[in-house]
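Trainee: Structure incoming, see below.
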Amino acid sequence: MQFKQIILTGDRPTGPLHLGHYVGSLANRIALQGKYSQYIMLADVQALTDNYDRPEVVRHNIFEVALDYLAVGIDPKLSTIFIQSQIPEIAELTVFFLNLVTIGRLQRNPTVKTEIKQKKFGESIPAGFFVYPVSQAADIMIMKSTIVPVGADQLPMIEQTNEIVRSFNRIYNCTVFPEAQALVPKAGSARLSGTDGQHKMSKTLGNAIFLSDDIDSLRKKVMSMYTDPLHLKVTDPGNLEGNTVFEYLDLFGTNPAEINELKAHYQRGGLGDVKVKQYLFEQLNQFLEPIRTRRLALAQDPAHVWQILKTGTDQAREIAANTMQEVRAAMHLDYY
Ligand code: TRP
């Protein structure tokens with residue numbers, strides 16, 4: 001089926017996906033598929049900008065993330081999954097886009113600024129990393145995407161993409177590229193706390209529950225979750241605010257009436273953390289078990305998974321080739 005609006009999203013394949021990814025983007029992608037032409041990109045080139053010395057990690061995680069996508073319910077019949085590095089047209093477009101961006105403008109990109117600090121590059125910022133917003137603009141525009149579902153941290157990327165689009169269309173006097181619109185999930189629903197109560201679940205922080213966790217790891221992680229640090233005795237009244245166990249129950253619990261009762265009991269006092277955690281464990285396991293089962297089955301048949309990625313990449317590449325033909329014509333590079 002063809003839809004007018006094209007969606008592009010993607011992830012850097014640097015680790016398996018966790019519940020934070022589910023809440024922040026996967027759930028949204030599952031909801032959008034079938035309603036739009038949705039392309040989901042495994043951003044291995046972008047991952048390499050700060051993992052160039054560890055290509056095997058990126059390669060390994062391409063497969064792991066693909067398993068996560070398929071297991072969680074991304075349907076290759078409704079969404080096209082493709083691998084960034086296998087579309088050389090993206091690299092070509094990046095080079096042309098680089099002429100339309102200044103170093104000063106890149107230095108002001110808040111997302112890159114923050115990341116440069118986090119990654120402690122100091123004075124040795126790899127040029128490839130520094131310009132990745134331009135490569136991201138090429139990811140989006142090679143597919144002529146008009147909708148880009150992203151977290152709020154990615155808004156500067158969309159802004160920069162649209163600046164490039166306006167420059168390109170103006171300078172080459174054409175209408176090759178549409179402007180893209182960010183689709184940011186509702187505030188609050190997009191970010192999941194880590195099991196330690198820190199404001200963001202992340203692999204690096206070691207506070208993540210992965211979609212691929214087995215039942216024992218899941219139990220262990222839930223049982224050691226952050227709750228109300230002042231709720232020491234079962235009889236003490238407990239606090240729900242900032243209480244990670246209840247945050248997760250709100251998102252993954254299937255029985256709101258039961259959860260409301262637990263909340264009231266917890267606040268009154270008399271309900272211990274262990275009981276609530278046991279309940280959360282059961283609820284989370286109910287959610288994760290079918291994902292785990294599908295993931296294990298898919299992992300048994302790697303050739304099938306690679307074939308899905310190849311088919312998706314071939315489809316994406318066809319669009320990319322068409323876009324580049326228009327780009328070359330607009331830039332007077334269509335010599336013969
Ligand atoms: N920068 C995104 C991230 O770190 C990944 C990404 C690469 C992306 N290219 C994209 C997201 C294009 C949306 C559109 O998660």
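Going by the structure tokens order, chains are called A, B, ..., each with residues numbered from 1, while ligands are numbered from 1 in the order shown.
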Check every protein, DNA and RNA residue against ligand 1, keep those with an atom at most 8 Å away (counting only C-alpha atoms and all ligand atoms), and present them as JSON, numbers by chain.

Mentor: {"A": [8, 9, 10, 11, 12, 41, 42, 43, 46, 133, 135, 136, 137, 139, 140, 148, 149, 150, 154, 157]}

Trainee: Run DSSP on the backbone and give me the residues of range 134-220 of chain A it puts in strand (DSSP E), as an MDAnalysis selection string.

Mentor: chainID A and resid 147:149 181:183

Trainee: Could you take the residues named above and write them with C-alpha atoms, as a short mmCIF file (atom, residue, chain, number, x, y, z; two decimals), in the first residue's frame?

Mentor:
data_model
loop_
_atom_site.label_atom_id
_atom_site.label_comp_id
_atom_site.auth_asym_id
_atom_site.auth_seq_id
_atom_site.Cartn_x
_atom_site.Cartn_y
_atom_site.Cartn_z
CA ILE A 147 7.30 12.77 9.56
CA VAL A 148 10.10 11.85 11.93
CA PRO A 149 8.99 10.37 15.26
CA GLN A 181 8.02 17.39 10.91
CA ALA A 182 9.08 15.88 14.22
CA LEU A 183 6.50 13.76 15.93
#

Trainee: Grab the CA of Arg292 in chain A to CA of Val72 in chain A distance for me, in Å with one decimal place.

Mentor: 8.7 Å

Trainee: Using only C-alpha atoms, determine which residues lie at most 8 Å from Met223 in chain A, disregarding the query and same-chain residues fewer than 6 positions distant; provide the list as an NGL selection string.

Mentor: :A and (274 or 277-278 or 281)

Trainee: Those residues with all heavy atoms, as a PDB file, in the first residue's frame please?

Mentor:
ATOM      1  N   VAL A 274       8.100  -5.840  48.651  1.00  0.00           N
ATOM      2  CA  VAL A 274       8.295  -7.153  48.013  1.00  0.00           C
ATOM      3  C   VAL A 274       7.022  -7.603  47.307  1.00  0.00           C
ATOM      4  O   VAL A 274       7.061  -8.118  46.189  1.00  0.00           O
ATOM      5  CB  VAL A 274       8.748  -8.201  49.060  1.00  0.00           C
ATOM      6  CG1 VAL A 274       8.813  -9.592  48.439  1.00  0.00           C
ATOM      7  CG2 VAL A 274      10.107  -7.808  49.636  1.00  0.00           C
ATOM      8  N   LYS A 277       6.495  -5.564  44.165  1.00  0.00           N
ATOM      9  CA  LYS A 277       7.476  -5.963  43.156  1.00  0.00           C
ATOM     10  C   LYS A 277       7.115  -7.311  42.537  1.00  0.00           C
ATOM     11  O   LYS A 277       7.274  -7.513  41.332  1.00  0.00           O
ATOM     12  CB  LYS A 277       8.874  -6.021  43.776  1.00  0.00           C
ATOM     13  CG  LYS A 277       9.474  -4.651  44.017  1.00  0.00           C
ATOM     14  CD  LYS A 277      10.810  -4.756  44.712  1.00  0.00           C
ATOM     15  CE  LYS A 277      11.464  -3.387  44.830  1.00  0.00           C
ATOM     16  NZ  LYS A 277      12.718  -3.459  45.598  1.00  0.00           N
ATOM     17  N   GLN A 278       6.651  -8.217  43.369  1.00  0.00           N
ATOM     18  CA  GLN A 278       6.228  -9.524  42.854  1.00  0.00           C
ATOM     19  C   GLN A 278       5.097  -9.331  41.827  1.00  0.00           C
ATOM     20  O   GLN A 278       5.099  -9.945  40.763  1.00  0.00           O
ATOM     21  CB  GLN A 278       5.757 -10.404  44.031  1.00  0.00           C
ATOM     22  CG  GLN A 278       5.301 -11.813  43.642  1.00  0.00           C
ATOM     23  CD  GLN A 278       6.403 -12.630  42.965  1.00  0.00           C
ATOM     24  OE1 GLN A 278       7.583 -12.489  43.288  1.00  0.00           O
ATOM     25  NE2 GLN A 278       6.019 -13.477  42.007  1.00  0.00           N
ATOM     26  N   PHE A 281       6.560  -7.848  38.716  1.00  0.00           N
ATOM     27  CA  PHE A 281       7.294  -8.886  37.983  1.00  0.00           C
ATOM     28  C   PHE A 281       6.329  -9.708  37.125  1.00  0.00           C
ATOM     29  O   PHE A 281       6.586  -9.961  35.942  1.00  0.00           O
ATOM     30  CB  PHE A 281       8.065  -9.787  38.955  1.00  0.00           C
ATOM     31  CG  PHE A 281       8.495 -11.085  38.340  1.00  0.00           C
ATOM     32  CD1 PHE A 281       9.501 -11.117  37.375  1.00  0.00           C
ATOM     33  CD2 PHE A 281       7.863 -12.277  38.688  1.00  0.00           C
ATOM     34  CE1 PHE A 281       9.869 -12.316  36.776  1.00  0.00           C
ATOM     35  CE2 PHE A 281       8.222 -13.469  38.085  1.00  0.00           C
ATOM     36  CZ  PHE A 281       9.221 -13.489  37.131  1.00  0.00           C
TER      37      PHE A 281
END

Trainee: Rank A:Ser124, A:Ala180, A:Asn255, A:Leu100 by their smallest atom-to-atom distance to Ser167 in chain A, using only C-alpha atoms, and report the top residue only.

Mentor: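 Checking each of A:Ser124, A:Ala180, A:Asn255, A:Leu100 against Ser167 in chain A, counting only C-alpha atoms, the winner is A:Leu100.
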
Trainee: Pick out the closest residue to Val176 in chain A from this set: A:Met324, A:Leu211, A:Leu333, A:Ala138. Count only C-alpha atoms.

Mentor: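 Among A:Met324, A:Leu211, A:Leu333, A:Ala138, it is A:Met324 that comes nearest to Val176 in chain A.
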
Trainee: Which distance in Å separates CA of Arg268 in chain A and CA of Pro237 in chain A, to one decimal?

Mentor: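 That distance, rounded to one decimal, is 5.0 Å.
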
Trainee: Please report, as CSV, each residue of range 2-117 of chain A lying at most 7 Å from range 312-320 of chain A, together with the nearest pair of atoms and the separation in Å rounded to one decimal; use only C-alpha atoms, and order rows by chain and ascending residue number.

Mentor:
residue,atom,partner,partner_atom,distance
A:Thr80,CA,A:Gly312,CA,5.0
A:Ile81,CA,A:Gly312,CA,5.1
A:Phe82,CA,A:Thr313,CA,4.3
A:Ile83,CA,A:Thr313,CA,6.0
A:Ile87,CA,A:Arg317,CA,5.8
A:Glu89,CA,A:Ala320,CA,6.1

Trainee: I want to know what sits within 12 Å of range 248-250 of chain A, based on only C-alpha atoms, with residues of the same chain fewer than 2 positions away left out; could you give that as a PyMOL selection string?

Mentor: chain A and resi 19-20+23+188-189+191-195+197+201+209+222+225-227+240+242-246+252-260+262-263+276-285+287

Trainee: Quick one: everything within 12 Å of Arg59 in chain A, counting only C-alpha atoms, minus sequence neighbours fewer than 6 positions away in the same chain. Send it as an MDAnalysis selection string.

Mentor: chainID A and resid 12:15 42:45 47:48 51:52 65:66 83 85

Trainee: Restricting the calculation to only C-alpha atoms, which member of A:Ile74, A:Leu296, A:Thr49, A:Ile142 is positioned closest to Tyr22 in chain A?

Mentor: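 Closest candidate: A:Ile74.
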
Trainee: Compare A:Met143, A:Ala321, A:Leu251, A:Leu271 by their minimum atom-to-atom distance to Pro88 in chain A, counting only C-alpha atoms, and give me the closest one.

Mentor: A:Ala321

Trainee: From a backbone DSSP assignment, name each residue in range 21-61 of chain A labelled alpha helix (DSSP H), as a ChimeraX atom specification.

Mentor: /A:21,27-32,44-48,55-61

Trainee: Export all heavy atoms of the chosen residues as a short mmCIF file (atom, residue, chain, number, x, y, z; two decimals), in the first residue's frame?

Mentor:
data_model
loop_
_atom_site.label_atom_id
_atom_site.label_comp_id
_atom_site.auth_asym_id
_atom_site.auth_seq_id
_atom_site.Cartn_x
_atom_site.Cartn_y
_atom_site.Cartn_z
N HIS A 21 13.31 1.97 25.36
CA HIS A 21 13.09 2.09 23.92
C HIS A 21 11.64 1.78 23.58
O HIS A 21 11.04 2.42 22.71
CB HIS A 21 13.98 1.11 23.14
CG HIS A 21 15.44 1.44 23.20
ND1 HIS A 21 16.36 0.64 23.82
CD2 HIS A 21 16.14 2.50 22.70
CE1 HIS A 21 17.57 1.17 23.71
NE2 HIS A 21 17.46 2.30 23.05
N ALA A 27 6.70 1.44 20.83
CA ALA A 27 5.23 1.39 20.93
C ALA A 27 4.61 2.31 19.88
O ALA A 27 3.63 1.95 19.22
CB ALA A 27 4.79 1.81 22.34
N ASN A 28 5.24 3.45 19.71
CA ASN A 28 4.78 4.43 18.73
C ASN A 28 4.88 3.87 17.30
O ASN A 28 3.98 4.02 16.49
CB ASN A 28 5.66 5.68 18.88
CG ASN A 28 4.97 6.92 18.39
OD1 ASN A 28 3.75 6.98 18.35
ND2 ASN A 28 5.76 7.91 18.00
N ARG A 29 5.99 3.21 17.03
CA ARG A 29 6.19 2.65 15.68
C ARG A 29 5.17 1.57 15.39
O ARG A 29 4.67 1.45 14.27
CB ARG A 29 7.60 2.07 15.55
CG ARG A 29 8.67 3.14 15.57
CD ARG A 29 10.04 2.52 15.53
NE ARG A 29 11.05 3.49 15.91
CZ ARG A 29 12.32 3.21 16.11
NH1 ARG A 29 12.74 1.96 15.97
NH2 ARG A 29 13.17 4.15 16.45
N ILE A 30 4.86 0.76 16.41
CA ILE A 30 3.88 -0.30 16.22
C ILE A 30 2.52 0.33 15.92
O ILE A 30 1.78 -0.13 15.06
CB ILE A 30 3.83 -1.23 17.46
CG1 ILE A 30 5.16 -1.98 17.58
CG2 ILE A 30 2.66 -2.20 17.38
CD1 ILE A 30 5.41 -2.60 18.95
N ALA A 31 2.23 1.43 16.63
CA ALA A 31 0.94 2.10 16.41
C ALA A 31 0.87 2.75 15.03
O ALA A 31 -0.21 2.84 14.44
CB ALA A 31 0.72 3.15 17.51
N LEU A 32 2.00 3.20 14.51
CA LEU A 32 1.98 3.95 13.24
C LEU A 32 2.02 3.04 12.01
O LEU A 32 1.64 3.47 10.92
CB LEU A 32 3.17 4.91 13.19
CG LEU A 32 3.13 6.09 14.17
CD1 LEU A 32 4.47 6.81 14.20
CD2 LEU A 32 2.02 7.07 13.80
N ASP A 44 23.77 2.12 11.40
CA ASP A 44 25.11 1.61 11.71
C ASP A 44 26.21 2.63 11.37
O ASP A 44 27.22 2.72 12.07
CB ASP A 44 25.38 0.25 11.04
CG ASP A 44 25.21 0.27 9.53
OD1 ASP A 44 24.62 1.23 9.00
OD2 ASP A 44 25.68 -0.69 8.87
N VAL A 45 26.00 3.42 10.33
CA VAL A 45 27.00 4.44 9.98
C VAL A 45 27.09 5.46 11.11
O VAL A 45 28.18 5.85 11.54
CB VAL A 45 26.65 5.12 8.64
CG1 VAL A 45 27.61 6.26 8.35
CG2 VAL A 45 26.66 4.11 7.50
N GLN A 46 25.93 5.88 11.61
CA GLN A 46 25.94 6.83 12.73
C GLN A 46 26.55 6.20 13.98
O GLN A 46 27.31 6.85 14.70
CB GLN A 46 24.53 7.34 13.02
CG GLN A 46 24.54 8.51 13.98
CD GLN A 46 23.17 9.15 14.16
OE1 GLN A 46 22.58 9.06 15.23
NE2 GLN A 46 22.66 9.80 13.14
N ALA A 47 26.26 4.94 14.22
CA ALA A 47 26.85 4.25 15.38
C ALA A 47 28.37 4.23 15.27
O ALA A 47 29.07 4.35 16.27
CB ALA A 47 26.30 2.83 15.49
N LEU A 48 28.86 4.09 14.04
CA LEU A 48 30.31 4.02 13.85
C LEU A 48 31.00 5.36 14.10
O LEU A 48 32.21 5.39 14.31
CB LEU A 48 30.63 3.51 12.44
CG LEU A 48 30.44 2.00 12.23
CD1 LEU A 48 30.45 1.65 10.75
CD2 LEU A 48 31.51 1.20 12.97
N PRO A 55 33.91 -2.05 15.17
CA PRO A 55 32.89 -2.38 14.17
C PRO A 55 32.17 -3.69 14.47
O PRO A 55 31.01 -3.85 14.11
CB PRO A 55 33.68 -2.47 12.86
CG PRO A 55 35.10 -2.70 13.27
CD PRO A 55 35.27 -2.01 14.59
N GLU A 56 32.84 -4.60 15.18
CA GLU A 56 32.20 -5.89 15.46
C GLU A 56 31.02 -5.71 16.42
O GLU A 56 30.04 -6.45 16.36
CB GLU A 56 33.22 -6.92 15.97
CG GLU A 56 33.85 -6.66 17.35
CD GLU A 56 34.84 -5.47 17.37
OE1 GLU A 56 35.29 -5.03 16.29
OE2 GLU A 56 35.14 -4.99 18.48
N VAL A 57 31.12 -4.70 17.29
CA VAL A 57 30.02 -4.43 18.22
C VAL A 57 28.80 -3.96 17.43
O VAL A 57 27.67 -4.39 17.67
CB VAL A 57 30.43 -3.35 19.25
CG1 VAL A 57 29.24 -2.87 20.07
CG2 VAL A 57 31.54 -3.87 20.16
N VAL A 58 29.05 -3.09 16.46
CA VAL A 58 27.96 -2.56 15.65
C VAL A 58 27.33 -3.69 14.82
O VAL A 58 26.11 -3.85 14.77
CB VAL A 58 28.45 -1.42 14.73
CG1 VAL A 58 27.36 -0.96 13.79
CG2 VAL A 58 28.97 -0.26 15.59
N ARG A 59 28.17 -4.51 14.23
CA ARG A 59 27.66 -5.62 13.43
C ARG A 59 26.81 -6.57 14.27
O ARG A 59 25.71 -6.96 13.88
CB ARG A 59 28.81 -6.41 12.80
CG ARG A 59 28.26 -7.42 11.83
CD ARG A 59 29.24 -8.46 11.39
NE ARG A 59 28.49 -9.52 10.74
CZ ARG A 59 28.48 -9.74 9.44
NH1 ARG A 59 29.18 -9.02 8.65
NH2 ARG A 59 27.74 -10.71 8.95
N HIS A 60 27.32 -6.92 15.45
CA HIS A 60 26.57 -7.81 16.33
C HIS A 60 25.20 -7.21 16.66
O HIS A 60 24.18 -7.90 16.65
CB HIS A 60 27.38 -8.04 17.62
CG HIS A 60 26.65 -8.80 18.68
ND1 HIS A 60 26.48 -10.16 18.64
CD2 HIS A 60 26.01 -8.38 19.80
CE1 HIS A 60 25.78 -10.56 19.69
NE2 HIS A 60 25.47 -9.50 20.41
N ASN A 61 25.20 -5.92 16.94
CA ASN A 61 23.96 -5.31 17.39
C ASN A 61 22.96 -5.02 16.27
O ASN A 61 21.77 -4.86 16.53
CB ASN A 61 24.25 -4.06 18.21
CG ASN A 61 24.72 -4.45 19.61
OD1 ASN A 61 24.03 -5.17 20.32
ND2 ASN A 61 25.92 -4.04 19.98
#

Trainee: Just the residues within 12 Å of His304 in chain A, please, counting only C-alpha atoms, with nothing from its chain fewer than 6 positions along; format it as a list in words.

Mentor: Phe63, Ala66, Leu67, Leu70, Pro76, Ala297, Leu298, Lys310 and Thr311 of chain A

Trainee: For those residues, write C-alpha atoms to a file as a PDB file, in the first residue's frame.

Mentor:
ATOM      1  CA  PHE A  63      21.249  -8.448  14.280  1.00  0.00           C
ATOM      2  CA  ALA A  66      16.590  -6.527  14.219  1.00  0.00           C
ATOM      3  CA  LEU A  67      15.508  -9.411  16.473  1.00  0.00           C
ATOM      4  CA  LEU A  70      10.603  -8.245  14.886  1.00  0.00           C
ATOM      5  CA  PRO A  76       8.117  -6.243   7.898  1.00  0.00           C
ATOM      6  CA  ALA A 297      12.360 -18.514  17.546  1.00  0.00           C
ATOM      7  CA  LEU A 298      13.699 -15.809  15.204  1.00  0.00           C
ATOM      8  CA  LYS A 310      17.989  -7.354   2.719  1.00  0.00           C
ATOM      9  CA  THR A 311      14.490  -7.056   1.267  1.00  0.00           C
TER      10      THR A 311
END

Trainee: Using only C-alpha atoms, pick whichever of A:Val131, A:Gly151, A:Arg166, A:Leu288 has the shortest atom-to-atom distance to Arg108 in chain A.

Mentor: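 Smallest distance to Arg108 in chain A is found for A:Val131.
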
Trainee: Which is closest to Ala91 in chain A among A:Phe121, A:Phe168, A:Tyr132, A:Tyr36, if we use only C-alpha atoms?

Mentor: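 The shortest atom-to-atom distance to Ala91 in chain A comes from A:Tyr132.
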